[in-house]
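The structure under discussion appears below in the form of C-alpha cells.
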Amino acid sequence: MYQDGQPAANLSQNVGKEEKEHYDRVVAHSKQSQMRSPWMREGSDKPPVARLRSAGAMVKGKLLTTPSRMLKLILPLSTKDVNKDRKDVEPLALLVHPQQPLSYLERLIQSELPVIKNENGNDKIPAVHFRAQDLGEEAISPDHRGPDEESEDYNFEHSEDFKIDGKTERTGKLNESGEVTAPKPVNPAKEPDPEHPNFVRWSPSTEIGDFIRDAARGKEFSVDIEGAPEPIYVAVPSFADRTYYLRMRLRKTAKQISALADIKSECDKLAHKSAQRVAQGGFAVLVGWWGSVYVLTFQTDLGWDVMEPVTYLVGLSTLIGGYMWFLYHNREVSYRSAMNFTVSKRQDKLYQLKGFDVSKWDGLVEEGNRLRREIKMVAEEYDVDWDEAKEAGDEKVAKALRNERKKKQMAKDDEDEEGKKRKKSKEEDDDDD
C-alpha cells in the first residue's frame, strides 16, 4: 500500500495531535447523535401506551374556591387510553356558581367527554351522576335497619339509593314473581366501594351549594361517568378552605378600619365636647337674659310696663328665628336635631384637619359588613360557629361594624314607617273620595 508515493512501512506509525483531536470530535458527535435518537434508549422497544404507572398521576378531583366566590372543580378527565393514570393527562378545570344546579355541571362535564357506544352500537353521550355520603338519620345501611324493614329489603342488595329534597329513597324494579330487583346499573362491572359506604345519588335539580354543604360532612363526593372504570372522588373544601379568601379580605379590611378608627374616635369625642360647650353656652345666655330682665324690672325705674313688651318681642323674635333656622337647614324641630347638626359640623372640620377620609371609611365599613355577611352565610351552610372577633382582631373594629349595621337598620325602619304613613294617608284619601 502506498501513500504519497511511499510505502506504508516507510511512514510514521505514531498518532499525531491533530488526529487525536479529530478522533475525539467524531466520538463526541456519535454520542450526541445516540442520545438524540429515541430508538436507541433503554426500553424503546415498548410502545408508549405500555408505560408504567406514574406515582404523581392525578387520580382524584379537587374542589377549590376563588376570590370571586366561584367554585373551581378540577377533574382528571381523559379520552380512552390503556393507561388512565399517566401524569401527562391534563386535568379539566370548571368554574361554577354555588347557586347553579347540578344539571349545569353535568352538561359541562359531558361536553368534554368522548361519545360511547350503546347496546345498539349507536353513539351516545355518557351519563354523569353525582353521589355523596348520606350521614343523616335516614341513611340506608344494612347495619342500621329497623325490624319492619328486614323482611322487605332482603332483595335490595344491588339497589340504588337516590336523594332528592333532602330525603333518601331506594329504587328498584318488581319482576314477574313479585320480587324486588335492582335497576340496571350504569357500569355493570362496578361493585360498591367498601371505603365509601352510604353514597347516594343526588337529583340534578339540586343547587351545587346545597350539594356541597351536605357532601362536606363526608369530606368528599364522587362523579360517576358512564363507561368509566371507576368513579372520580372529589375532596370537598372545609369551612376554613371555603372562606379563606373572604376571611383574608376581612382581616385586611379590619386592619385598615382599625387604623382609621383611632382618628375617628378622637375627632368624635372632640366634636361632642364642642357641642356640649355650645349647649352650655346657650344655657348661660338664657340665665343671663333672665337675670337682666329681673334686674331691669324690679331694681330700675323701667318697671314692668317697659320690660313686658321688650321680653315679649325678644321671645317672639327668638322663636321665629329658631323656626326659620330649622326650615333653612331642613331639619326636625327638636333639641336632638340641633345637637346632631352641631356635632356633624364640628366633625367635618376636625376630619379635614386630621386628614380623615369619610368616604374611604364608609367604603371600608360597608365592605367589612358585606364580607361578614357572606362568611355568616357559609357558616350557616356548614353548620359551624364562626368566631367573628378572631377575624376582626379588635373590639373597635367590631364596634364600628355593629354601629353601621344599627344605623342602616334604623334608616330602614324609618323608611318603612314613612311608607306605612303614606300608604295609610292615601287609603284615607281614597275613602273620602
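Chain labels run A, B, ... following the order of the C-alpha cells; each chain numbers its residues from 1, and ligands are numbered from 1 in the order shown.
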Give me, as a ChimeraX atom specification, all polymer residues having an atom no more than 10 Å from Lys255 (chain A), counting only C-alpha atoms and skipping those fewer than 5 positions away in the same chain. /A:249-250,260-261,392-394,397
How about saving the chosen residues, N, CA and C atoms kept, as a compact mmCIF listing (two decimals), in the first residue's frame?
# COMPACT_ATOMS: atom_id res chain seq x y z
N ARG A 249 -59.60 38.79 53.18
CA ARG A 249 -60.03 40.14 52.82
C ARG A 249 -60.64 40.86 54.02
N LEU A 250 -61.36 40.12 54.87
CA LEU A 250 -61.93 40.73 56.07
C LEU A 250 -60.83 41.17 57.03
N LEU A 260 -57.95 53.68 61.01
CA LEU A 260 -58.74 54.90 60.91
C LEU A 260 -59.66 55.10 62.12
N ALA A 261 -59.94 54.02 62.86
CA ALA A 261 -60.88 54.13 63.98
C ALA A 261 -60.34 55.03 65.08
N ALA A 392 -61.91 39.90 63.19
CA ALA A 392 -61.87 41.36 63.31
C ALA A 392 -60.59 41.80 64.01
N GLY A 393 -60.19 41.04 65.03
CA GLY A 393 -58.92 41.32 65.68
C GLY A 393 -58.93 42.47 66.66
N ASP A 394 -59.98 43.26 66.70
CA ASP A 394 -60.01 44.42 67.59
C ASP A 394 -61.46 44.73 67.91
N VAL A 397 -63.04 47.61 65.89
CA VAL A 397 -63.48 47.26 64.54
C VAL A 397 -64.87 46.65 64.59
Name the residues of region 217-246 of chain A that come out as strand (DSSP E) in a backbone DSSP run; write them as a list in words. Glu220, Phe221, Ser222, Val223, Asp224, Ile225, Ile232, Tyr233, Val234 and Ala235 of chain A
Need the shell around Gly363 (chain A): protein/DNA/RNA residues with any atom at most 12 Å away, counting only C-alpha atoms. Skip same-chain ones fewer than 6 positions apart. Format as a list in words?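 Near Gly363 (chain A), the qualifying residues are Thr253, Gln256, Ile257, Asp357, Asn369, Arg370, Leu401 and Glu404 of chain A.
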CA of Tyr233 (chain A) to CA of Glu220 (chain A), distance in Å rounded to a single decimal: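 Computed distance, CA of Tyr233 (chain A) to CA of Glu220 (chain A), equals 6.6 Å.
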Please report the interatomic distance between CA of Ala228 (chain A) and CA of Thr65 (chain A) in Å with one decimal.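 Computing the Euclidean distance for CA of Ala228 (chain A) and CA of Thr65 (chain A) yields 26.9 Å.
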Just checking: using only C-alpha atoms, which residue out of A:Ile375, A:Leu102, A:Ala127, A:Leu92 ends up closest to Thr206 (chain A)? A:Leu102
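Nearest-residue note for Ala379 (chain A): choosing from A:Arg242, A:Arg405, A:Arg107, A:Lys31, the minimum distance belongs to A:Arg242, counting only C-alpha atoms.
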Contact residues around Val358 (chain A) with only C-alpha atoms at 10 Å, ignoring same-chain residues under 6 positions, as a PyMOL selection string: chain A and resi 260+264+348+351-352+364
